[in-house]
$ cat final-v8.txt   # compact mmCIF, C-alpha atoms
# COMPACT_ATOMS: atom_id res chain seq x y z
CA MET A 43 202.61 186.46 115.20
CA ASP A 44 205.99 187.51 113.83
CA GLU A 45 206.39 189.99 116.64
CA TYR A 46 205.62 187.33 119.23
CA PHE A 47 208.39 185.03 118.06
CA GLY A 48 210.58 188.03 117.29
CA SER A 49 210.96 188.67 121.00
CA TYR A 50 212.47 185.22 121.31
CA ALA A 51 215.19 186.09 118.79
CA VAL A 52 217.05 187.88 121.58
CA VAL A 53 216.77 184.75 123.72
CA VAL A 54 218.22 182.63 120.94
CA ALA A 55 221.04 185.16 120.46
CA LEU A 56 221.87 185.00 124.16
CA PHE A 57 221.87 181.20 124.02
CA ALA A 58 224.35 181.40 121.14
CA ILE A 59 226.53 183.75 123.21
CA GLY A 60 226.43 181.22 126.05
CA VAL A 61 227.63 178.48 123.71
CA VAL A 62 230.42 180.78 122.50
CA ILE A 63 231.49 181.51 126.10
CA PHE A 64 231.71 177.79 126.83
CA ALA A 65 233.56 177.03 123.60
CA GLY A 66 235.89 179.99 124.19
CA ALA A 67 236.79 178.78 127.68
CA LEU A 68 237.58 175.29 126.33
CA PHE A 69 239.57 176.75 123.43
CA GLY A 70 241.63 178.95 125.75
CA ASN A 71 242.25 175.91 127.90
CA ARG A 72 243.37 173.90 124.85
CA MET A 73 245.87 176.62 123.89
CA LEU A 74 247.38 176.91 127.38
CA ARG A 75 247.31 173.45 128.90
CA PRO A 76 249.91 170.72 129.01
CA ASN A 77 248.81 167.26 127.84
CA ARG A 78 250.64 164.30 129.37
CA PRO A 79 248.15 161.50 129.99
CA THR A 80 249.28 158.40 131.83
CA PRO A 81 247.14 155.33 132.60
CA GLU A 82 247.28 156.14 136.32
CA LYS A 83 246.08 159.67 135.72
CA LEU A 84 243.16 158.42 133.66
CA THR A 85 241.81 155.98 136.22
CA THR A 86 238.62 157.03 137.94
CA TYR A 87 239.42 159.00 141.09
CA GLU A 88 236.34 157.82 142.96
CA CYS A 89 237.34 158.33 146.62
CA GLY A 90 241.10 158.27 146.34
CA ILE A 91 241.82 154.55 146.32
CA ASP A 92 241.72 152.44 143.15
CA PRO A 93 238.11 151.77 142.12
CA VAL A 94 236.73 148.27 142.62
CA GLY A 95 234.30 146.98 140.00
CA ASP A 96 232.51 148.87 137.30
CA GLY A 97 231.47 152.51 137.56
CA TRP A 98 227.88 151.75 136.76
CA ALA A 99 227.26 149.52 139.76
CA GLN A 100 223.79 148.29 140.65
CA SER A 101 222.14 150.25 143.40
CA GLN A 102 218.67 150.69 144.76
CA VAL A 103 216.97 153.80 143.46
CA ARG A 104 214.60 154.94 146.18
CA TYR A 105 213.64 158.12 144.44
CA TYR A 106 211.31 156.79 141.74
CA VAL A 107 208.26 157.38 143.93
CA PHE A 108 209.01 161.09 144.04
CA THR A 109 209.07 161.08 140.26
CA TYR A 110 205.53 159.70 140.22
CA LEU A 111 204.40 162.30 142.73
CA TYR A 112 206.07 165.02 140.73
CA VAL A 113 204.53 164.03 137.41
CA VAL A 114 201.04 164.16 138.93
CA PHE A 115 201.55 167.58 140.46
CA ALA A 116 203.53 169.10 137.61
CA VAL A 117 200.62 168.49 135.25
CA ASP A 118 198.34 170.31 137.70
CA ALA A 119 200.86 173.10 138.13
CA VAL A 120 201.04 173.73 134.38
CA PHE A 121 197.29 174.44 134.34
CA LEU A 122 197.77 176.79 137.27
CA PHE A 123 199.69 179.42 135.29
CA PRO A 124 197.16 180.34 132.60
CA TRP A 125 194.44 180.27 135.24
CA ALA A 126 196.44 182.50 137.60
CA THR A 127 196.50 185.41 135.17
CA VAL A 128 192.72 185.58 134.60
CA PHE A 129 191.00 184.29 137.74
CA ALA A 130 190.45 187.76 139.22
CA ALA A 131 189.35 189.36 135.94
CA PRO A 132 185.84 190.87 135.86
CA GLY A 133 183.19 188.20 135.43
CA PHE A 134 185.11 185.40 137.13
CA GLY A 135 185.34 186.20 140.84
CA MET A 136 183.87 183.84 143.42
CA THR A 137 183.25 180.89 141.10
CA THR A 138 186.88 180.62 140.06
CA LEU A 139 187.95 180.91 143.68
CA VAL A 140 185.79 177.94 144.64
CA GLU A 141 187.20 176.07 141.67
CA MET A 142 190.65 176.82 142.98
CA PHE A 143 189.81 175.31 146.34
CA VAL A 144 188.64 172.16 144.57
CA PHE A 145 191.96 172.16 142.74
CA LEU A 146 193.97 172.65 145.93
CA GLY A 147 191.89 169.91 147.53
CA PHE A 148 192.91 167.44 144.83
CA ILE A 149 196.60 168.26 145.26
CA ALA A 150 196.42 168.10 149.05
CA LEU A 151 194.59 164.76 148.80
CA GLY A 152 197.41 163.40 146.66
CA ILE A 153 200.01 164.36 149.24
CA LEU A 154 197.89 162.98 152.09
CA TYR A 155 197.58 159.69 150.22
CA ALA A 156 201.34 159.51 149.73
CA TRP A 157 201.82 160.31 153.40
CA ARG A 158 199.38 157.61 154.50
CA LYS A 159 201.18 155.13 152.23
CA ARG A 160 204.39 156.07 154.09
CA VAL A 161 206.13 157.01 150.88
CA LEU A 162 207.68 160.06 152.49
CA ALA A 163 209.31 158.16 155.35
CA TRP A 164 212.22 155.84 154.67
CA THR A 165 212.26 152.47 156.32
CA MET B 604 219.03 198.86 112.58
CA ALA B 605 218.30 200.82 115.77
CA GLU B 606 216.41 197.78 117.01
CA VAL B 607 219.35 195.47 116.45
CA LEU B 608 221.71 197.95 118.13
CA ASP B 609 219.35 198.23 121.10
CA ALA B 610 219.23 194.45 121.48
CA ALA B 611 223.03 194.23 121.14
CA VAL B 612 223.59 196.75 123.95
CA ARG B 613 221.20 194.82 126.19
CA LEU B 614 222.93 191.53 125.41
CA ILE B 615 226.38 192.99 126.13
CA ALA B 616 225.10 194.32 129.47
CA ILE B 617 223.65 190.90 130.35
CA VAL B 618 226.88 189.08 129.47
CA ALA B 619 228.88 191.60 131.54
CA VAL B 620 226.57 191.04 134.52
CA PHE B 621 226.80 187.28 134.00
CA LEU B 622 230.60 187.33 134.02
CA VAL B 623 231.11 189.84 136.86
CA LEU B 624 228.39 189.35 139.49
CA PRO B 625 229.05 185.62 140.11
CA LEU B 626 232.70 186.47 140.80
CA VAL B 627 231.65 189.23 143.21
CA ALA B 628 229.30 186.78 144.91
CA GLY B 629 232.09 184.20 145.12
CA GLN B 630 234.52 186.69 146.61
CA THR B 631 231.82 187.83 149.07
CA GLU B 632 231.36 184.21 150.07
CA HIS B 633 235.12 183.80 150.64
CA LYS B 634 235.29 186.84 152.88
CA VAL B 635 231.94 186.60 154.70
CA MET B 636 232.41 182.91 155.44
CA ALA B 637 235.94 183.53 156.64
CA HIS B 638 234.92 186.26 159.05
CA MET B 639 231.96 184.24 160.34
CA GLN B 640 234.44 181.48 161.13
CA SER B 641 237.02 183.87 162.65
CA ARG B 642 239.39 183.57 159.71
CA LEU B 643 240.67 186.20 157.31
CA GLY B 644 240.01 184.47 154.00
CA PRO B 645 242.10 185.36 150.94
CA MET B 646 244.46 188.27 151.72
CA TYR B 647 247.29 188.27 149.15
CA ALA B 648 246.02 188.11 145.55
CA GLY B 649 245.66 191.62 144.13
CA GLY B 650 247.01 193.28 147.26
CA PHE B 651 243.90 194.72 148.91
CA HIS B 652 242.18 192.03 151.01
CA GLY B 653 242.70 189.42 148.29
CA TRP B 654 240.18 191.02 145.90
CA ALA B 655 241.71 189.25 142.87
CA GLN B 656 241.61 185.76 144.37
CA LEU B 657 238.96 184.44 141.98
CA ILE B 658 240.71 185.96 138.96
CA ALA B 659 243.88 184.19 140.04
CA ASP B 660 241.84 180.99 140.39
CA GLY B 661 240.55 181.47 136.86
CA VAL B 662 244.05 181.97 135.48
CA LYS B 663 245.12 178.78 137.22
CA PHE B 664 242.13 176.76 136.05
CA ILE B 665 242.54 177.69 132.39
CA GLN B 666 246.15 176.40 132.37
CA LYS B 667 245.34 173.04 133.91
CA GLU B 668 245.46 169.78 132.03
CA ASP B 669 242.11 168.47 130.85
CA VAL B 670 241.81 165.05 132.48
CA ILE B 671 238.86 162.91 131.40
CA PRO B 672 238.90 159.49 133.08
CA ALA B 673 239.18 156.54 130.70
CA ALA B 674 236.01 155.01 132.17
CA ALA B 675 233.91 158.14 131.56
CA ASP B 676 231.42 158.69 128.75
CA ARG B 677 233.53 161.38 127.08
CA ARG B 678 230.93 163.29 125.13
CA VAL B 679 228.33 163.60 127.89
CA PHE B 680 231.10 164.27 130.41
CA GLY B 681 232.44 167.13 128.33
CA LEU B 682 229.04 168.67 127.65
CA ALA B 683 227.73 168.60 131.23
CA PRO B 684 229.32 171.89 132.42
CA ALA B 685 227.74 173.74 129.48
CA VAL B 686 224.31 172.31 130.31
CA ALA B 687 224.78 173.47 133.89
CA LEU B 688 226.01 176.95 132.99
CA VAL B 689 224.20 178.25 129.89
CA PRO B 690 220.61 178.10 131.29
CA TYR B 691 221.49 180.63 134.00
CA LEU B 692 222.82 183.01 131.35
CA VAL B 693 219.66 182.56 129.27
CA VAL B 694 217.40 183.17 132.28
CA MET B 695 219.04 186.56 132.87
CA VAL B 696 217.48 187.85 129.65
CA VAL B 697 214.05 188.27 131.27
CA ILE B 698 215.09 189.66 134.67
CA PRO B 699 214.31 193.40 134.89
CA ILE B 700 216.62 195.69 136.87
CA GLY B 701 214.69 198.89 136.28
CA PRO B 702 211.70 200.28 134.37
CA GLY B 703 212.43 199.29 130.77
CA LEU B 704 215.83 197.88 131.73
CA VAL B 705 215.35 194.27 130.75
CA GLY B 706 216.82 192.07 128.03
CA VAL B 707 213.45 191.26 126.53
CA ASP B 708 209.97 191.43 128.07
CA LEU B 709 208.50 187.99 127.36
CA ASP B 710 204.80 187.77 128.17
CA ALA B 711 205.35 184.25 129.52
CA GLY B 712 208.49 185.38 131.41
CA LEU B 713 207.85 183.62 134.70
CA PHE B 714 207.02 180.35 132.97
CA PHE B 715 210.15 180.70 130.80
CA VAL B 716 212.33 181.27 133.87
CA LEU B 717 211.04 178.19 135.68
CA ALA B 718 211.36 176.01 132.58
CA VAL B 719 214.91 177.09 131.75
CA MET B 720 216.16 177.00 135.35
CA GLY B 721 215.09 173.37 135.59
CA ILE B 722 217.48 172.52 132.75
CA GLY B 723 220.50 173.59 134.82
CA VAL B 724 220.09 170.61 137.09
CA LEU B 725 220.34 168.28 134.09
CA GLY B 726 224.03 169.25 133.88
CA SER B 727 224.67 167.75 137.28
CA ILE B 728 222.69 164.61 136.46
CA MET B 729 224.65 164.20 133.20
CA ALA B 730 227.92 164.70 135.04
CA GLY B 731 227.01 162.11 137.65
CA TRP B 732 225.89 159.55 135.11
CA SER B 733 228.80 159.95 132.69
CA SER B 734 231.66 159.98 135.22
CA GLY B 735 231.87 156.20 135.54
CA ASN B 736 232.10 156.66 139.29
CA LYS B 737 229.69 155.07 141.78
CA TYR B 738 229.61 158.04 144.11
CA SER B 739 229.06 160.48 141.26
CA LEU B 740 226.17 158.35 140.08
CA MET B 741 224.62 158.49 143.54
CA GLY B 742 225.13 162.25 143.56
CA GLY B 743 223.45 162.55 140.17
CA MET B 744 220.51 160.50 141.42
CA ARG B 745 220.19 162.73 144.45
CA SER B 746 220.28 165.80 142.21
CA ALA B 747 217.45 164.37 140.15
CA ALA B 748 215.39 163.52 143.23
CA GLN B 749 216.00 166.98 144.65
CA LEU B 750 214.90 168.66 141.43
CA MET B 751 211.72 166.57 141.40
CA SER B 752 210.83 167.41 144.99
CA TYR B 753 211.68 171.09 145.08
CA GLU B 754 210.44 172.09 141.64
CA LEU B 755 206.84 171.82 142.84
CA PRO B 756 206.99 174.27 145.79
CA LEU B 757 209.04 176.58 143.56
CA VAL B 758 206.38 176.56 140.84
CA LEU B 759 203.49 176.93 143.31
CA ALA B 760 205.10 179.86 145.13
CA ALA B 761 205.91 181.57 141.84
CA SER B 762 202.36 181.12 140.56
CA SER B 763 201.08 182.78 143.73
CA VAL B 764 202.85 185.97 142.61
CA ALA B 765 201.48 185.54 139.10
CA MET B 766 197.98 185.38 140.62
CA ALA B 767 198.58 188.51 142.65
CA ALA B 768 199.90 190.47 139.67
CA GLY B 769 197.60 188.95 137.05
CA THR B 770 200.49 188.60 134.59
CA LEU B 771 203.44 186.31 133.89
CA SER B 772 205.70 189.04 132.56
CA LEU B 773 208.43 189.85 135.11
CA PRO B 774 208.48 193.64 134.46
CA GLY B 775 204.68 193.51 134.67
CA ILE B 776 204.88 191.80 138.06
CA VAL B 777 207.27 194.43 139.44
CA GLU B 778 205.08 197.23 138.10
CA ALA B 779 202.03 195.77 139.81
CA TRP B 780 203.92 195.33 143.09
CA GLN B 781 202.74 197.24 146.18
CA TRP B 782 204.47 197.44 149.55
CA TRP B 783 201.74 195.40 151.29
CA TRP B 784 202.59 192.42 149.06
CA LEU B 785 205.56 191.96 151.36
CA PRO B 786 203.51 190.50 154.26
CA TRP B 787 200.89 189.10 151.87
CA GLN B 788 203.40 187.01 149.89
CA ALA B 789 205.89 186.42 152.73
CA VAL B 790 205.25 182.68 153.07
CA GLY B 791 205.50 182.21 149.31
CA GLY B 792 208.74 184.19 149.27
CA VAL B 793 210.36 182.02 151.93
CA VAL B 794 209.18 178.84 150.19
CA PHE B 795 210.48 180.09 146.83
CA PHE B 796 213.87 181.03 148.24
CA MET B 797 214.33 177.74 150.11
CA ALA B 798 213.23 175.65 147.14
CA GLY B 799 215.58 177.66 144.93
CA LEU B 800 218.47 177.00 147.30
CA ALA B 801 217.68 173.32 147.10
CA GLU B 802 217.65 173.42 143.29
CA LEU B 803 221.07 175.06 143.35
CA ARG B 804 222.25 172.30 145.70
CA ARG B 805 223.57 174.87 148.14
CA PRO B 806 224.09 173.97 151.80
CA PRO B 807 222.11 172.93 153.81
CA PHE B 808 220.57 171.21 150.76
CA ASP B 809 223.88 169.99 149.33
CA MET B 810 223.22 166.29 149.77
CA PRO B 811 224.08 165.61 146.08
CA ILE B 812 227.65 166.87 146.52
CA ALA B 813 228.07 166.06 150.24
CA GLU B 814 231.86 165.92 150.27
CA SER B 815 232.18 164.05 153.57
CA GLU B 816 230.05 161.22 152.27
CA ILE B 817 230.13 160.94 148.47
CA ILE B 818 233.30 163.00 147.91
CA MET B 819 232.11 165.75 145.55
CA GLY B 820 229.16 163.93 143.98
CA PRO B 821 228.79 164.58 140.25
CA MET B 822 231.83 166.89 140.20
CA THR B 823 234.31 164.40 141.66
CA GLU B 824 235.98 163.53 138.36
CA TYR B 825 236.13 167.08 137.04
CA THR B 826 239.33 169.11 136.96
CA GLY B 827 240.56 172.31 135.39
CA ILE B 828 238.37 174.52 133.31
CA ARG B 829 235.35 172.20 133.33
CA PHE B 830 235.30 172.21 137.12
CA ALA B 831 235.67 176.00 137.07
CA LEU B 832 232.64 176.25 134.77
CA PHE B 833 230.61 174.16 137.24
CA MET B 834 231.63 176.56 140.00
CA LEU B 835 230.71 179.54 137.83
CA ALA B 836 227.33 177.90 137.21
CA GLU B 837 226.78 177.58 140.96
CA TYR B 838 227.48 181.25 141.63
CA ALA B 839 225.55 182.40 138.56
CA GLY B 840 222.69 180.32 139.97
CA ILE B 841 222.93 182.16 143.29
CA ILE B 842 222.75 185.50 141.47
CA VAL B 843 219.78 184.37 139.37
CA LEU B 844 217.90 183.01 142.39
CA SER B 845 218.52 186.18 144.41
CA ALA B 846 217.47 188.38 141.49
CA LEU B 847 214.30 186.35 140.92
CA THR B 848 213.37 186.45 144.59
CA SER B 849 213.87 190.22 144.58
CA VAL B 850 211.78 190.64 141.44
CA LEU B 851 208.94 188.38 142.53
CA PHE B 852 208.71 189.00 146.26
CA LEU B 853 210.74 192.06 147.25
CA GLY B 854 209.52 194.50 144.63
CA GLY B 855 212.54 194.53 142.32
CA TRP B 856 213.50 198.10 141.51
CA HIS B 857 210.96 199.74 143.89
CA GLY B 858 212.47 201.70 146.76
CA PRO B 859 212.77 205.24 148.06
CA LEU B 860 215.45 207.82 147.11
CA LEU B 861 217.96 205.67 145.22
CA PRO B 862 217.50 204.85 141.50
CA GLY B 863 215.88 201.50 140.59
CA PRO B 864 218.89 199.46 139.45
CA VAL B 865 220.74 200.38 142.67
CA TRP B 866 217.85 199.10 144.75
CA MET B 867 217.80 195.92 142.68
CA LEU B 868 221.53 195.42 143.29
CA ILE B 869 221.14 196.05 147.03
CA LYS B 870 218.32 193.50 147.27
CA VAL B 871 220.24 190.92 145.24
CA PHE B 872 223.33 191.21 147.41
CA ALA B 873 221.32 191.19 150.62
CA LEU B 874 219.91 187.83 149.47
CA VAL B 875 223.36 186.61 148.41
CA PHE B 876 224.47 187.39 151.95
CA VAL B 877 221.59 185.32 153.30
CA VAL B 878 222.59 182.43 151.04
CA ILE B 879 226.12 182.51 152.47
CA TRP B 880 224.87 182.99 156.02
CA VAL B 881 222.62 179.94 155.72
CA ARG B 882 225.54 177.91 154.41
CA VAL B 883 227.68 178.78 157.41
CA SER B 884 224.91 178.33 159.98
CA TYR B 885 223.09 175.11 159.17
CA PRO B 886 224.33 171.53 159.02
CA ARG B 887 223.50 169.44 155.97
CA LEU B 888 220.11 167.75 155.90
CA ARG B 889 219.96 163.97 155.59
CA GLU B 890 218.54 162.70 152.30
CA ASP B 891 215.19 161.59 153.75
CA GLN B 892 214.86 164.77 155.81
CA LEU B 893 215.44 166.67 152.59
CA GLN B 894 212.59 164.90 150.82
CA LYS B 895 210.28 165.18 153.79
CA LEU B 896 210.90 168.92 154.11
CA ALA B 897 209.82 169.42 150.50
CA TRP B 898 206.68 167.28 150.51
CA ALA B 899 205.46 167.67 154.09
CA GLY B 900 206.74 171.21 154.69
CA LEU B 901 207.14 173.42 151.65
CA VAL B 902 204.37 172.07 149.38
CA PRO B 903 201.57 172.48 151.99
CA LEU B 904 202.91 175.95 152.84
CA ALA B 905 202.92 176.91 149.17
CA LEU B 906 199.36 175.61 148.77
CA ALA B 907 198.26 177.65 151.80
CA GLN B 908 199.89 180.70 150.21
CA LEU B 909 197.96 180.06 146.99
CA ALA B 910 194.68 179.93 148.93
CA LEU B 911 195.52 183.15 150.79
CA THR B 912 196.49 184.92 147.58
CA GLY B 913 193.27 183.81 145.89
CA ILE B 914 190.98 184.94 148.73
CA VAL B 915 192.63 188.33 149.19
CA LYS B 916 192.72 188.96 145.47
CA VAL B 917 189.05 188.11 144.85
CA LEU B 918 187.87 190.06 147.90
CA THR B 919 189.84 193.21 147.08
CA VAL B 920 189.14 193.42 143.35
$ encode --input "final-v8.txt" --output "C-alpha cells"
Amino acid sequence: MDEYFGSYAVVVALFAIGVVIFAGALFGNRMLRPNRPTPEKLTTYECGIDPVGDGWAQSQVRYYVFTYLYVVFAVDAVFLFPWATVFAAPGFGMTTLVEMFVFLGFIALGILYAWRKRVLAWT
Amino acid sequence: MAEVLDAAVRLIAIVAVFLVLPLVAGQTEHKVMAHMQSRLGPMYAGGFHGWAQLIADGVKFIQKEDVIPAAADRRVFGLAPAVALVPYLVVMVVIPIGPGLVGVDLDAGLFFVLAVMGIGVLGSIMAGWSSGNKYSLMGGMRSAAQLMSYELPLVLAASSVAMAAGTLSLPGIVEAWQWWWLPWQAVGGVVFFMAGLAELRRPPFDMPIAESEIIMGPMTEYTGIRFALFMLAEYAGIIVLSALTSVLFLGGWHGPLLPGPVWMLIKVFALVFVVIWVRVSYPRLREDQLQKLAWAGLVPLALAQLALTGIVKVLTV
C-alpha cells in the first residue's frame, strides 16, 4: 500500500514545482514592474468603450442541458475504464462483449432521446 | 537516496521539457503560420529568423505593470492562470518518451491524465467569471460548455485504447502497441485529437475566445505576466495533447532506426504542425455547430470505435 501511494509522491513534488514556477513568475514581475494605477486604468476594458452596467449581467445560459447530458454519460464512462482492462481476460470473452453492446445501446439511446427532443439544435 | 536522486533527475527533465517545448511550439506557430499566409513572421529578435522572439516577449511581459480591474474578483482573477497552467505540467509526469523514460509509471495513468487535463479548463472558467466583464463571462460559459461536450468523446476514445492494451498505464499501452493498431484505432485517434483541440480552445474550436465577437473571452482583462502564463498554458496544452495522441494512437517511442525519444519528438512535432495547419485552414465554428459536432458527430464515432475495438479484441484473443 505504501508503495502504491509512494508513486504519487513524485506527482505531488511536480505539483509543488508548478506552484513555485507560478509564484516565481509573479515575484519576478513584482520586482521589475512599475506600479502607477489610475482610476481610468482600473476600469474594466470590456470591448474598448466604457462599460455600461454591472459586469455580472443577466444572460440566458443555454448550456445547462449539455451539463445534464454530460453527467449521465460521465458516470457511464467512469465504469468503462475498470471494465476496459479486464474484458478480454481469459474467462470473460463473449459474455462481456454482449454486455458492452448493451452498455453502448444505453448511451446511444440517451443521445437519440436528446436528439429527438431537439436539445442539440438551437431555436 | 539513489531513489530520491533518480526522481529528482526525472523531475528536472520534465520541468525543462515543460519550459522549452511550448516555446518551440509557439515559435513554430509564428513561422509556419506566417509562411502559410505568405508572410515572413518574426525576423529580427536574436538575429537568425527571429528565433528569440518568444524570449523577447517573455522579457517584455515580466516588466509590465500588473493591472487588475477594480471590478474584478481579485483573488480568483489572480489564481486563474495558475489553475490553467499547472495541470499541464503535472500531466507530463506520466507521459513516457522511451522505454523506462517516464516521470512515474502510474497504474491508473490514463485515468489520471484525463482527470488532471480537465482541471486546466477551470482556469479559463475562473478567469471569465472573475473578470467582471460581460464578454469574459460569456467566454467562460462557452469554455464550460465546450469542456462538457468534448470531454465525453475524449474519454471514450481514450478508453478504446485502454481496451486494446488491457492496461491504463501509459508505458504499458505503448509496450503493447503493434503497427496494425494504426488502422484499427484510427477513428478513435481522430476523435481524440479533435476533442483535445476543442478542450484546448484552439481554432477552429476557439469560440470561447473568439476575438472578433467577444474580444478575447476570459483573457480580455489580463495583461502582463498573467496573460503570458495563459499563453504558456495554451502551448503547453498543445504539447501535452500531441504527446498523448502519439503515446495512445501513434505508438509513442516505436519506430525503425532512430532511438525512441527521437521518434517521440518527431511524432509530437508532426502533430503540433497539424494543430497549426488546422488553425490556419479552417474558419471558426459557430457555437451551436460546435455542440452539434460533439454530440452528433464525435460521440457516435467514438462509440463505434469502442464496438470495433471490443469485437476485434475478443475475436483475436
$ interface_residues --input "final-v8.txt" --of "chain B" --to "chain A" --cutoff "6 Å" --atoms "only C-alpha atoms" --output "PyMOL selection string"
chain B and resi 665-668+672-673+689+693+735-737+748+751+766+769-770+895+917
$ residues_near_point --input "final-v8.txt" --point "(232.9, 177.8, 138.5)" --cutoff "10 Å" --atoms "only C-alpha atoms" --output "PyMOL selection string"
chain B and resi 625-626+629+657+660-661+664+684+688+827-839
$ residues_near_point --input "final-v8.txt" --point "(218.4, 188.7, 138.8)" --cutoff "10 Å" --atoms "all atoms listed in the file" --output "PyMOL selection string"
chain B and resi 620-621+691+694-700+839-850+855+867-868+870-871
$ write_last_selection --input "final-v8.txt" --atoms "C-alpha atoms" --output "tab-separated table (two decimals), keeping the file's coordinate frame"
chain	number	residue	atom	x	y	z
B	620	VAL	CA	226.57	191.04	134.52
B	621	PHE	CA	226.80	187.28	134.00
B	691	TYR	CA	221.49	180.63	134.00
B	694	VAL	CA	217.40	183.17	132.28
B	695	MET	CA	219.04	186.56	132.87
B	696	VAL	CA	217.48	187.85	129.65
B	697	VAL	CA	214.05	188.27	131.27
B	698	ILE	CA	215.09	189.66	134.67
B	699	PRO	CA	214.31	193.40	134.89
B	700	ILE	CA	216.62	195.69	136.87
B	839	ALA	CA	225.55	182.40	138.56
B	840	GLY	CA	222.69	180.32	139.97
B	841	ILE	CA	222.93	182.16	143.29
B	842	ILE	CA	222.75	185.50	141.47
B	843	VAL	CA	219.78	184.37	139.37
B	844	LEU	CA	217.90	183.01	142.39
B	845	SER	CA	218.52	186.18	144.41
B	846	ALA	CA	217.47	188.38	141.49
B	847	LEU	CA	214.30	186.35	140.92
B	848	THR	CA	213.37	186.45	144.59
B	849	SER	CA	213.87	190.22	144.58
B	850	VAL	CA	211.78	190.64	141.44
B	855	GLY	CA	212.54	194.53	142.32
B	867	MET	CA	217.80	195.92	142.68
B	868	LEU	CA	221.53	195.42	143.29
B	870	LYS	CA	218.32	193.50	147.27
B	871	VAL	CA	220.24	190.92	145.24
$ atom_distance --input "final-v8.txt" --atom1 "CA of Ala760 (chain B)" --atom2 "CA of Gly791 (chain B)"
4.8 Å
$ atom_distance --input "final-v8.txt" --atom1 "CA of Gly706 (chain B)" --atom2 "CA of Ile776 (chain B)"
15.6 Å
$ residues_around --input "final-v8.txt" --residues "Glu802 (chain B)" --least-positions-apart "5" --cutoff "12 Å" --atoms "all atoms listed in the file" --output "PyMOL selection string"
chain B and resi 687+717+720-725+727+745-758+795-797+807-811+837+840-841+843-844+893+897
$ atom_distance --input "final-v8.txt" --atom1 "CA of Gln640 (chain B)" --atom2 "CA of Val794 (chain B)"
27.7 Å
$ residues_around --input "final-v8.txt" --residues "Thr912 (chain B)" --least-positions-apart "4" --cutoff "10 Å" --atoms "only C-alpha atoms" --output "PyMOL selection string"
chain B and resi 762-767+784+787-788+791+906-908+916-917
